[in-house]
>>> print(open('final-v3.txt').read())   # compact mmCIF, C-alpha atoms and all ligand atoms
# COMPACT_ATOMS: atom_id res chain seq x y z
CA MET A 1 9.20 29.15 21.87
CA ALA A 2 8.75 29.32 18.12
CA ASP A 3 7.99 32.69 16.66
CA THR A 4 4.64 32.25 14.98
CA SER A 5 3.81 35.95 14.91
CA ASN A 6 4.46 36.30 11.26
CA LEU A 7 3.90 32.89 9.78
CA LEU A 8 2.83 34.30 6.46
CA ALA A 9 6.18 36.04 6.02
CA LEU A 10 7.95 32.85 7.02
CA PHE A 11 5.83 30.90 4.51
CA ARG A 12 6.82 33.33 1.77
CA GLU A 13 10.48 32.99 2.66
CA VAL A 14 10.32 29.18 2.69
CA VAL A 15 8.50 29.01 -0.66
CA GLU A 16 11.18 31.20 -2.15
CA GLU A 17 13.86 28.89 -0.82
CA VAL A 18 12.21 25.55 -1.66
CA ASP A 19 10.35 26.38 -4.86
CA LYS A 20 12.41 29.31 -6.13
CA LYS A 21 9.20 31.33 -6.38
CA LYS A 22 8.50 34.86 -5.23
CA LEU A 23 4.95 35.33 -3.91
CA PRO A 24 4.48 39.03 -3.18
CA ASP A 25 0.66 38.91 -3.16
CA VAL A 26 0.08 35.75 -1.16
CA THR A 27 -2.58 35.95 1.57
CA GLU A 28 -4.07 33.38 3.94
CA LYS A 29 -6.95 33.00 1.48
CA SER A 30 -4.68 32.06 -1.45
CA VAL A 31 -5.29 28.53 -2.74
CA ILE A 32 -1.99 26.63 -2.58
CA ALA A 33 -2.46 24.95 -5.96
CA ASP A 34 -3.28 28.31 -7.59
CA LEU A 35 0.14 29.56 -6.50
CA GLY A 36 1.69 26.88 -8.69
CA ILE A 37 2.80 24.86 -5.66
CA ASP A 38 2.19 21.15 -6.27
CA SER A 39 1.74 18.48 -3.58
CA LEU A 40 5.40 17.49 -3.72
CA SER A 41 6.55 21.04 -3.09
CA THR A 42 3.92 21.44 -0.40
CA MET A 43 5.47 18.57 1.57
CA GLN A 44 8.94 20.09 1.21
CA ILE A 45 7.62 23.43 2.38
CA ILE A 46 6.00 21.74 5.37
CA GLY A 47 9.32 20.03 6.11
CA GLU A 48 11.19 23.31 5.99
CA LEU A 49 8.61 25.02 8.24
CA GLU A 50 9.03 22.10 10.68
CA ASN A 51 12.81 22.57 10.64
CA ARG A 52 12.66 26.29 11.18
CA LEU A 53 10.12 26.09 14.00
CA ASP A 54 11.54 22.85 15.41
CA ILE A 55 8.19 21.05 15.32
CA MET A 56 6.89 17.73 13.91
CA ILE A 57 3.42 17.92 12.37
CA PRO A 58 1.46 14.64 12.49
CA ASP A 59 0.54 13.57 8.94
CA ASP A 60 -3.11 12.99 9.79
CA GLN A 61 -3.46 16.77 10.06
CA LEU A 62 -2.25 17.25 6.52
CA VAL A 63 -5.47 16.40 4.68
CA LYS A 64 -7.75 18.93 3.04
CA LEU A 65 -5.09 21.63 2.99
CA GLU A 66 -6.46 23.93 0.34
CA THR A 67 -5.44 27.43 1.27
CA VAL A 68 -2.28 28.90 2.72
CA GLY A 69 -4.40 29.70 5.78
CA ASP A 70 -5.34 25.99 6.22
CA LEU A 71 -1.66 25.08 6.21
CA LEU A 72 -0.56 27.86 8.52
CA ALA A 73 -3.34 27.00 10.99
CA VAL A 74 -1.93 23.48 11.32
CA VAL A 75 1.59 24.85 11.73
CA GLU A 76 0.45 27.36 14.32
CA ARG A 77 -1.46 24.79 16.36
CA CYS A 78 1.56 22.51 16.43
CA ALA A 79 3.97 25.31 17.33
CA ALA A 80 1.66 26.58 20.08
CA LYS A 81 1.58 23.13 21.71
CA LYS A 82 5.34 23.04 21.72
CA GLY A 83 5.60 26.42 23.47
CA MET B 1 -11.90 5.34 -7.90
CA GLY B 2 -8.39 3.96 -7.23
CA SER B 3 -6.63 1.85 -9.87
CA ASP B 4 -8.67 0.76 -12.88
CA GLN B 5 -7.83 -2.36 -14.89
CA LYS B 6 -5.39 -0.51 -17.18
CA GLN B 7 -3.51 0.91 -14.20
CA VAL B 8 -3.44 -2.46 -12.43
CA GLU B 9 -1.94 -3.97 -15.57
CA VAL B 10 0.83 -1.35 -15.55
CA SER B 11 1.79 -2.76 -12.15
CA TYR B 12 1.43 -6.50 -12.80
CA ASP B 13 1.54 -7.20 -16.51
CA VAL B 14 5.20 -6.35 -17.18
CA SER B 15 5.81 -10.08 -17.72
CA ASN B 16 5.22 -13.11 -15.52
CA GLU B 17 8.71 -14.38 -16.34
CA PHE B 18 10.20 -11.08 -15.16
CA PHE B 19 8.53 -11.29 -11.74
CA ARG B 20 9.47 -14.97 -11.46
CA LEU B 21 13.14 -13.94 -11.55
CA TRP B 22 13.07 -12.01 -8.29
CA LEU B 23 9.99 -12.95 -6.25
CA ASP B 24 9.90 -16.14 -4.14
CA GLU B 25 9.07 -19.36 -5.94
CA ALA B 26 5.32 -19.10 -5.16
CA MET B 27 5.36 -15.49 -6.47
CA PHE B 28 3.98 -13.55 -3.53
CA TYR B 29 4.27 -9.86 -4.37
CA THR B 30 3.75 -8.86 -0.74
CA SER B 31 5.70 -8.97 2.49
CA ALA B 32 6.78 -12.21 4.11
CA VAL B 33 6.94 -12.62 7.90
CA TYR B 34 10.33 -13.83 9.07
CA GLU B 35 10.78 -16.06 12.12
CA SER B 36 14.58 -15.90 12.34
CA ALA B 37 17.59 -14.01 11.03
CA ASP B 38 18.58 -16.71 8.56
CA GLN B 39 15.16 -17.80 7.30
CA SER B 40 14.70 -17.93 3.52
CA LEU B 41 12.18 -15.72 1.75
CA GLU B 42 10.29 -18.86 0.66
CA ALA B 43 9.90 -20.12 4.24
CA ALA B 44 8.99 -16.65 5.50
CA GLN B 45 6.25 -16.39 2.85
CA ARG B 46 4.79 -19.70 4.03
CA ASN B 47 4.94 -18.37 7.59
CA LYS B 48 3.01 -15.26 6.54
CA MET B 49 0.34 -17.53 5.04
CA ARG B 50 0.19 -19.67 8.17
CA ILE B 51 -0.60 -16.49 10.14
CA LEU B 52 -3.20 -15.16 7.69
CA CYS B 53 -4.95 -18.54 7.38
CA ASP B 54 -5.14 -18.65 11.18
CA PHE B 55 -6.59 -15.11 11.23
CA ALA B 56 -9.12 -16.09 8.56
CA GLY B 57 -10.02 -19.36 10.34
CA VAL B 58 -9.22 -21.44 7.27
CA ASP B 59 -9.77 -25.21 7.52
CA ALA B 60 -11.08 -28.01 5.30
CA THR B 61 -14.70 -26.90 5.72
CA SER B 62 -14.07 -23.24 4.81
CA ARG B 63 -15.25 -21.32 1.80
CA VAL B 64 -12.30 -19.03 1.14
CA LEU B 65 -12.08 -15.85 -0.94
CA ASP B 66 -8.74 -14.19 -1.70
CA ILE B 67 -9.39 -10.56 -2.72
CA GLY B 68 -6.60 -9.46 -5.08
CA CYS B 69 -5.09 -12.91 -5.56
CA GLY B 70 -2.01 -11.99 -7.62
CA TRP B 71 -0.40 -14.96 -9.39
CA GLY B 72 -2.29 -17.39 -7.14
CA ALA B 73 0.30 -17.93 -4.41
CA ALA B 74 -2.13 -17.65 -1.48
CA ILE B 75 -4.92 -19.76 -2.99
CA GLU B 76 -2.35 -22.38 -3.92
CA TYR B 77 -1.13 -22.43 -0.31
CA VAL B 78 -4.71 -22.83 0.96
CA ALA B 79 -5.37 -25.64 -1.51
CA ARG B 80 -2.20 -27.48 -0.54
CA GLU B 81 -2.33 -26.99 3.24
CA HIS B 82 -6.07 -27.04 3.93
CA ALA B 83 -7.84 -28.38 0.84
CA SER B 84 -10.76 -26.13 1.78
CA LYS B 85 -14.24 -26.75 0.38
CA ALA B 86 -14.15 -23.70 -1.90
CA ILE B 87 -11.09 -21.58 -2.74
CA HIS B 88 -11.76 -18.55 -4.90
CA GLY B 89 -9.58 -15.65 -5.99
CA VAL B 90 -10.17 -12.40 -7.86
CA THR B 91 -7.58 -10.28 -9.63
CA LEU B 92 -7.80 -7.43 -12.12
CA SER B 93 -4.72 -8.56 -14.03
CA ARG B 94 -5.06 -10.80 -17.07
CA ALA B 95 -1.37 -11.77 -16.99
CA GLN B 96 -1.80 -12.98 -13.40
CA MET B 97 -4.84 -14.97 -14.47
CA ASP B 98 -2.78 -16.66 -17.21
CA GLU B 99 -0.27 -17.76 -14.57
CA ILE B 100 -3.02 -19.11 -12.29
CA ASN B 101 -4.47 -21.05 -15.21
CA ARG B 102 -1.01 -22.40 -16.04
CA ARG B 103 -0.67 -23.71 -12.48
CA ALA B 104 -3.99 -25.60 -12.76
CA ILE B 105 -4.31 -25.87 -8.99
CA PRO B 106 -6.88 -28.52 -8.03
CA GLY B 107 -9.87 -27.11 -6.13
CA VAL B 108 -9.10 -23.49 -6.97
CA GLU B 109 -11.25 -21.08 -8.97
CA ALA B 110 -9.90 -17.68 -9.97
CA MET B 111 -11.29 -14.94 -12.16
CA VAL B 112 -10.42 -11.59 -13.65
CA GLN B 113 -12.99 -9.59 -11.80
CA ASP B 114 -13.22 -6.25 -10.09
CA PHE B 115 -13.89 -7.01 -6.43
CA ARG B 116 -16.10 -3.93 -6.21
CA THR B 117 -18.64 -5.48 -8.59
CA TYR B 118 -18.13 -9.18 -7.77
CA GLN B 119 -21.39 -11.05 -7.03
CA PRO B 120 -20.57 -14.50 -5.66
CA THR B 121 -23.25 -17.16 -5.92
CA GLU B 122 -22.44 -18.44 -2.42
CA LYS B 123 -20.99 -16.55 0.55
CA TYR B 124 -17.60 -17.09 2.17
CA SER B 125 -16.61 -18.08 5.71
CA SER B 126 -12.96 -16.97 5.36
CA ILE B 127 -11.62 -13.92 3.60
CA ILE B 128 -7.98 -13.21 2.87
CA SER B 129 -6.75 -10.03 1.24
CA ILE B 130 -3.07 -9.25 0.97
CA CYS B 131 -2.07 -5.75 -0.06
CA MET B 132 -4.95 -5.13 -2.44
CA ILE B 133 -6.58 -2.33 -0.44
CA ASP B 134 -3.77 0.03 -1.53
CA HIS B 135 -5.30 0.04 -5.03
CA LEU B 136 -8.63 1.50 -3.94
CA CYS B 137 -8.00 5.15 -3.11
CA SER B 138 -6.03 7.49 -5.36
CA PRO B 139 -3.75 10.21 -3.97
CA ALA B 140 -6.20 12.84 -5.23
CA GLU B 141 -9.14 11.14 -3.46
CA ALA B 142 -7.11 10.94 -0.24
CA ARG B 143 -6.36 14.67 -0.44
CA GLN B 144 -10.09 15.31 -0.73
CA GLY B 145 -10.67 13.34 2.48
CA LYS B 146 -12.41 10.38 0.79
CA ALA B 147 -10.09 7.58 1.95
CA ILE B 148 -12.08 6.27 4.91
CA ASP B 149 -15.35 6.10 2.94
CA ILE B 150 -13.61 4.20 0.15
CA TYR B 151 -12.00 1.68 2.53
CA ARG B 152 -15.30 1.31 4.42
CA GLU B 153 -17.00 0.34 1.17
CA TYR B 154 -14.41 -2.44 0.71
CA PHE B 155 -15.06 -3.75 4.23
CA LYS B 156 -18.79 -3.51 3.62
CA ARG B 157 -18.53 -5.53 0.39
CA ALA B 158 -16.46 -8.17 2.22
CA TRP B 159 -19.12 -8.24 4.96
CA GLU B 160 -21.91 -8.70 2.39
CA MET B 161 -20.04 -11.56 0.76
CA SER B 162 -19.45 -13.43 4.00
CA THR B 163 -21.47 -15.71 6.26
CA PRO B 164 -22.23 -15.02 9.94
CA GLY B 165 -19.18 -15.81 12.05
CA ALA B 166 -16.81 -15.21 9.13
CA LYS B 167 -13.15 -14.34 9.76
CA PHE B 168 -10.91 -12.06 7.72
CA GLY B 169 -7.10 -12.10 7.52
CA LEU B 170 -6.06 -8.72 6.16
CA GLN B 171 -2.58 -7.60 5.24
CA ALA B 172 -1.96 -4.02 4.16
CA ILE B 173 1.06 -1.91 3.36
CA LEU B 174 0.83 1.34 5.31
CA ARG B 175 1.68 4.97 4.81
CA ASN B 176 3.17 6.17 8.10
CA ARG B 177 4.74 9.50 7.38
CA VAL B 178 5.19 11.31 4.09
CA PRO B 179 8.86 12.20 3.56
CA ARG B 180 9.84 15.87 3.72
CA ASP B 181 13.25 15.31 2.17
CA LYS B 182 13.33 16.19 -1.53
CA HIS B 183 15.04 13.01 -2.73
CA ASP B 184 12.85 10.66 -0.67
CA LEU B 185 9.73 12.58 -1.71
CA THR B 186 10.60 12.47 -5.38
CA GLU B 187 11.29 8.74 -5.27
CA THR B 188 8.09 7.97 -3.36
CA TYR B 189 6.00 10.06 -5.78
CA TRP B 190 7.65 8.33 -8.70
CA VAL B 191 6.80 4.87 -7.33
CA THR B 192 3.24 5.92 -6.50
CA HIS B 193 2.62 7.27 -9.99
CA GLU B 194 4.76 5.08 -12.27
CA ILE B 195 4.83 1.64 -10.62
CA PHE B 196 1.45 1.62 -8.82
CA PRO B 197 -0.66 4.23 -10.65
CA GLY B 198 -4.07 5.03 -9.20
CA GLY B 199 -3.27 3.72 -5.74
CA LEU B 200 -2.04 4.95 -2.38
CA ASN B 201 -1.10 3.11 0.79
CA PRO B 202 -3.65 3.56 3.60
CA ARG B 203 -2.81 4.84 7.08
CA LEU B 204 -3.37 2.42 9.97
CA GLU B 205 -5.89 4.67 11.69
CA GLU B 206 -7.90 4.90 8.48
CA LEU B 207 -8.23 1.11 8.42
CA ILE B 208 -9.14 0.94 12.10
CA THR B 209 -11.88 3.51 11.51
CA ALA B 210 -13.11 2.04 8.23
CA VAL B 211 -13.79 -1.53 9.48
CA ASN B 212 -16.73 -0.18 11.49
CA PRO B 213 -19.50 -1.24 11.76
CA TYR B 214 -18.74 -4.46 9.87
CA TRP B 215 -15.66 -6.09 11.40
CA GLU B 216 -14.16 -6.29 14.86
CA VAL B 217 -10.41 -5.76 15.08
CA VAL B 218 -9.24 -8.66 17.23
CA GLU B 219 -5.51 -8.39 16.65
CA VAL B 220 -3.13 -6.00 14.86
CA HIS B 221 0.53 -6.58 14.15
CA THR B 222 2.82 -4.14 12.42
CA ARG B 223 5.68 -5.71 10.53
CA ARG B 224 7.69 -2.84 9.10
CA ASP B 225 11.02 -4.58 9.33
CA ASP B 226 9.70 -7.74 7.65
CA TYR B 227 8.75 -5.69 4.62
CA ARG B 228 12.15 -3.98 4.62
CA ARG B 229 13.77 -7.40 4.62
CA THR B 230 11.43 -8.74 1.92
CA THR B 231 12.04 -5.82 -0.45
CA HIS B 232 15.76 -6.00 0.25
CA GLU B 233 15.75 -9.68 -0.74
CA TRP B 234 13.70 -8.93 -3.87
CA ARG B 235 16.28 -6.32 -4.87
CA ARG B 236 19.14 -8.73 -4.20
CA ARG B 237 17.52 -11.29 -6.52
CA LEU B 238 16.73 -8.62 -9.13
CA ARG B 239 20.37 -7.50 -9.13
CA ALA B 240 21.58 -11.09 -9.34
CA ASN B 241 19.59 -11.37 -12.58
CA GLU B 242 20.59 -7.99 -13.99
CA ALA B 243 22.11 -9.20 -17.26
CA LYS B 244 19.20 -11.51 -18.05
CA ILE B 245 16.59 -8.85 -17.21
CA ARG B 246 18.35 -6.19 -19.27
CA SER B 247 18.59 -8.45 -22.29
CA GLU B 248 15.11 -10.01 -22.09
CA PHE B 249 12.98 -7.17 -20.75
CA GLY B 250 15.02 -4.07 -21.58
CA ASP B 251 17.27 -1.69 -19.67
CA GLN B 252 14.41 0.54 -18.58
CA VAL B 253 12.57 -2.26 -16.80
CA TYR B 254 15.71 -3.15 -14.87
CA VAL B 255 16.48 0.45 -13.97
CA ASP B 256 12.88 1.19 -12.95
CA TYR B 257 12.52 -1.87 -10.73
CA ASP B 258 15.89 -1.35 -9.07
CA ARG B 259 14.83 2.23 -8.36
CA TYR B 260 11.42 1.13 -7.06
CA LEU B 261 12.81 -1.55 -4.74
CA SER B 262 15.50 0.81 -3.45
CA CYS B 263 12.79 3.31 -2.62
CA CYS B 264 10.85 0.59 -0.74
CA VAL B 265 13.87 -0.46 1.35
CA ASN B 266 14.54 3.17 2.24
CA ASN B 267 10.89 3.90 3.04
CA PHE B 268 10.56 0.97 5.44
CA GLU B 269 13.90 1.80 7.04
CA LYS B 270 12.90 5.42 7.66
CA HIS B 271 9.36 4.67 8.92
CA TYR B 272 7.71 6.33 5.92
CA SER B 273 5.99 3.00 5.23
CA SER B 274 5.03 0.01 7.30
CA LEU B 275 2.93 -3.14 7.11
CA ALA B 276 -0.06 -4.33 9.11
CA GLN B 277 -1.71 -7.70 9.56
CA LEU B 278 -5.20 -7.62 11.07
CA ARG B 279 -7.33 -10.42 12.49
CA LEU B 280 -10.93 -9.35 11.85
CA HIS B 281 -14.13 -11.03 13.03
CA ARG B 282 -17.41 -10.36 11.29
CA ILE B 283 -19.90 -8.37 13.36
CA ASP B 284 -23.15 -10.23 12.66
CA GLN B 285 -26.39 -8.30 12.79
C1 LIG C 301 0.25 -6.22 -4.66
S1 LIG C 301 -0.77 -7.37 -5.52
C2 LIG C 301 -0.88 -8.63 -4.30
C3 LIG C 301 -1.19 -9.97 -4.88
C4 LIG C 301 -1.27 -11.11 -3.89
N1 LIG C 301 -2.30 -10.87 -2.89
C5 LIG C 301 0.07 -11.40 -3.24
O1 LIG C 301 0.12 -11.47 -2.00
O2 LIG C 301 1.04 -11.59 -3.96
C6 LIG C 301 -2.40 -6.63 -5.57
C7 LIG C 301 -3.46 -7.46 -6.28
O3 LIG C 301 -4.73 -6.80 -6.17
C8 LIG C 301 -5.42 -6.95 -7.40
N2 LIG C 301 -6.44 -5.89 -7.50
C9 LIG C 301 -6.28 -4.55 -7.49
N3 LIG C 301 -7.47 -3.92 -7.57
C10 LIG C 301 -8.42 -4.90 -7.64
C11 LIG C 301 -9.84 -4.90 -7.75
N4 LIG C 301 -10.53 -3.76 -7.78
N5 LIG C 301 -10.48 -6.09 -7.80
C12 LIG C 301 -9.80 -7.26 -7.75
N6 LIG C 301 -8.46 -7.32 -7.65
C13 LIG C 301 -7.76 -6.16 -7.60
C14 LIG C 301 -4.33 -6.88 -8.44
O4 LIG C 301 -4.79 -7.42 -9.67
C15 LIG C 301 -3.25 -7.72 -7.76
O5 LIG C 301 -3.47 -9.07 -8.00
>>> encode(input="final-v3.txt", output="structure tokens")
Amino acid sequence: MADTSNLLALFREVVEEVDKKKLPDVTEKSVIADLGIDSLSTMQIIGELENRLDIMIPDDQLVKLETVGDLLAVVERCAAKKG
Amino acid sequence: MGSDQKQVEVSYDVSNEFFRLWLDEAMFYTSAVYESADQSLEAAQRNKMRILCDFAGVDATSRVLDIGCGWGAAIEYVAREHASKAIHGVTLSRAQMDEINRRAIPGVEAMVQDFRTYQPTEKYSSIISICMIDHLCSPAEARQGKAIDIYREYFKRAWEMSTPGAKFGLQAILRNRVPRDKHDLTETYWVTHEIFPGGLNPRLEELITAVNPYWEVVEVHTRRDDYRRTTHEWRRRLRANEAKIRSEFGDQVYVDYDRYLSCCVNNFEKHYSSLAQLRLHRIDQ
């Protein structure tokens, strides 16, 4: 079962790897675009989260992702189903 | 608002002679439907039209509208094969209109006209639209969740322009799955923004939702591998004309179109993109 207990920490780690950005102050309320993460990087980050958690997120769930929390909720739902 | 006229002209007004060098002889800039492993692109394009004319119920008595008529390939096919009573086409590209005028196809009327504001004097019994819907919703609008409303407006306009009992043959390139891989993502973004600015391919479920309450989906076919084969053949012809294209249209045009077609082949191969053909019947009220 995927470890979703600390998705925010995992998100931070993945952003650092994919986008070479450190995000010490990121919270679930942070707006993704405000963190300087564009839509191209967002998809790469999603891909890396999928790899790490061994999940495949259906694309139709990837609309209206504004905040980090929106994104992590989709990831969490998908990972929970897998478990 | 999808692609405006300027953006459409980025996609189609490079030069008619340039596109003539690598498209089929009728100049369809959309997928063919192959019937066998050794069929030519030309024959497969006619086969695609045979299917869409059947979906749209085209015969000699029909009043036919082609929404997004390109260089006139489909309306020319309808004129030649069915000699329908009225055969109209709309495009946003002035270069395409020049080519249609040059062809002087008997019985055909085409115009540079935005479909969204087109007011026909008489309604149509058959509608054909081949890969025009991908110009209607921009990536930003899709991210805001506006795609279905935008596509529904297109189906509503087609409904308003058609007579009771009308049939619609729709072909649309599809977005299946956005790549996660950096290279594939970068290439797909580049094509979306540089070759087809303002547009985005719809998802199949968006189309299925958006036809309501105007059109009944009677038949759906996906033809991903046909589009892979079509784009592969376009690239083969482009490469066969490399020297001529570089000297007449410039190195950048050659490099960009080779890059774009390579991205298409890859995207169909990896299921990022696909193609759908829909047989739609008007829901009369
Ligand atoms: C990919 S091309 C396809 C052309 C043609 N149907 C074919 O099969 O080769 C898309 C076409 O849609 C037209 N188009 C895009 N937006 C349009 C609009 N709002 N109104 C009318 N035509 C439009 C373009 O001018 C172009 O001719």
>>> closest_atom_pairs(input="final-v3.txt", of="chain B", to="ligand LIG 301 (chain C)", cutoff="8 Å", atoms="all atoms listed in the file", output="CSV")
residue,atom,partner,partner_atom,distance
B:Gly2,CA,C:LIG301,N3,7.9
B:Ser3,CA,C:LIG301,N3,6.3
B:Asp4,CA,C:LIG301,N4,7.1
B:Gln5,CA,C:LIG301,N3,7.5
B:Val8,CA,C:LIG301,O4,5.8
B:Glu9,CA,C:LIG301,O4,7.4
B:Tyr12,CA,C:LIG301,C15,7.0
B:Met27,CA,C:LIG301,O2,6.3
B:Phe28,CA,C:LIG301,O2,3.6
B:Tyr29,CA,C:LIG301,O2,3.7
B:Thr30,CA,C:LIG301,O1,4.6
B:Ser31,CA,C:LIG301,O1,7.6
B:Asp66,CA,C:LIG301,N1,7.3
B:Ile67,CA,C:LIG301,N6,6.0
B:Gly68,CA,C:LIG301,O3,3.4
B:Cys69,CA,C:LIG301,N1,4.4
B:Gly70,CA,C:LIG301,O5,3.3
B:Trp71,CA,C:LIG301,O2,6.6
B:Gly72,CA,C:LIG301,C4,7.1
B:Ala73,CA,C:LIG301,O2,6.4
B:Ala74,CA,C:LIG301,O1,6.6
B:Val90,CA,C:LIG301,C12,5.2
B:Thr91,CA,C:LIG301,N6,3.7
B:Leu92,CA,C:LIG301,O4,3.9
B:Ser93,CA,C:LIG301,O4,4.5
B:Gln96,CA,C:LIG301,O5,6.9
B:Val112,CA,C:LIG301,C12,7.3
B:Gln113,CA,C:LIG301,C12,5.7
B:Asp114,CA,C:LIG301,N5,3.6
B:Phe115,CA,C:LIG301,N5,3.8
B:Arg116,CA,C:LIG301,N4,5.8
B:Ser129,CA,C:LIG301,N1,6.1
B:Ile130,CA,C:LIG301,N1,4.3
B:Cys131,CA,C:LIG301,C1,5.2
B:Met132,CA,C:LIG301,O3,4.1
B:Ile133,CA,C:LIG301,N3,7.4
B:Asp134,CA,C:LIG301,C6,7.9
B:His135,CA,C:LIG301,N3,5.2
B:Leu136,CA,C:LIG301,N3,6.6
>>> closest_atom_pairs(input="final-v3.txt", of="chain A", to="chain B", cutoff="6 Å", atoms="all atoms listed in the file", output="CSV")
residue,atom,partner,partner_atom,distance
A:Met43,CA,B:Arg180,CA,5.6
A:Gln44,CA,B:Arg180,CA,5.0
A:Gly47,CA,B:Arg180,CA,4.8
A:Val63,CA,B:Arg143,CA,5.5
A:Lys64,CA,B:Arg143,CA,5.7
>>> atom_distance(input="final-v3.txt", atom1="CA of Ser84 (chain B)", atom2="CA of Thr117 (chain B)")
24.4 Å
>>> atom_distance(input="final-v3.txt", atom1="CA of Tyr272 (chain B)", atom2="CA of Asp60 (chain A)")
13.3 Å
>>> closest_residue(input="final-v3.txt", among="B:Asp258, B:Glu219, B:Glu194, B:Glu122", to="Arg236 (chain B)", atoms="only C-alpha atoms")
B:Asp258
>>> residues_around(input="final-v3.txt", residues="Ser41 (chain A)", least_positions_apart="2", cutoff="9 Å", atoms="all atoms listed in the file", output="MDAnalysis selection string")
(chainID A and resid 15 18:19 37:39 43:46) or (chainID B and resid 182)
>>> closest_residue(input="final-v3.txt", among="B:Glu35, B:Glu160, B:Glu25, B:Glu248", to="Ser125 (chain B)", atoms="all atoms listed in the file")
B:Glu160
>>> closest_residue(input="final-v3.txt", among="A:Glu16, A:Glu50, A:Glu66, A:Cys78", to="Val31 (chain A)", atoms="all atoms listed in the file")
A:Glu66
>>> closest_residue(input="final-v3.txt", among="A:Arg77, A:Thr27, A:Asp70, A:Thr42", to="Pro58 (chain A)", atoms="all atoms listed in the file")
A:Arg77
>>> closest_residue(input="final-v3.txt", among="A:Glu48, A:Glu76, A:Leu62, A:Asp34", to="Glu17 (chain A)", atoms="all atoms listed in the file")
A:Glu48
>>> residues_around(input="final-v3.txt", residues="region 38-54 of chain B", least_positions_apart="3", cutoff="10 Å", atoms="only C-alpha atoms", output="ChimeraX atom specification")
/B:23-35,57-59,64,73-75,77-78,81-82,126-130,167-171,226,229-230,233-234,277-279
>>> residues_around(input="final-v3.txt", residues="Ser162 (chain B)", least_positions_apart="3", cutoff="6 Å", atoms="all atoms listed in the file", output="count of residues only")
4
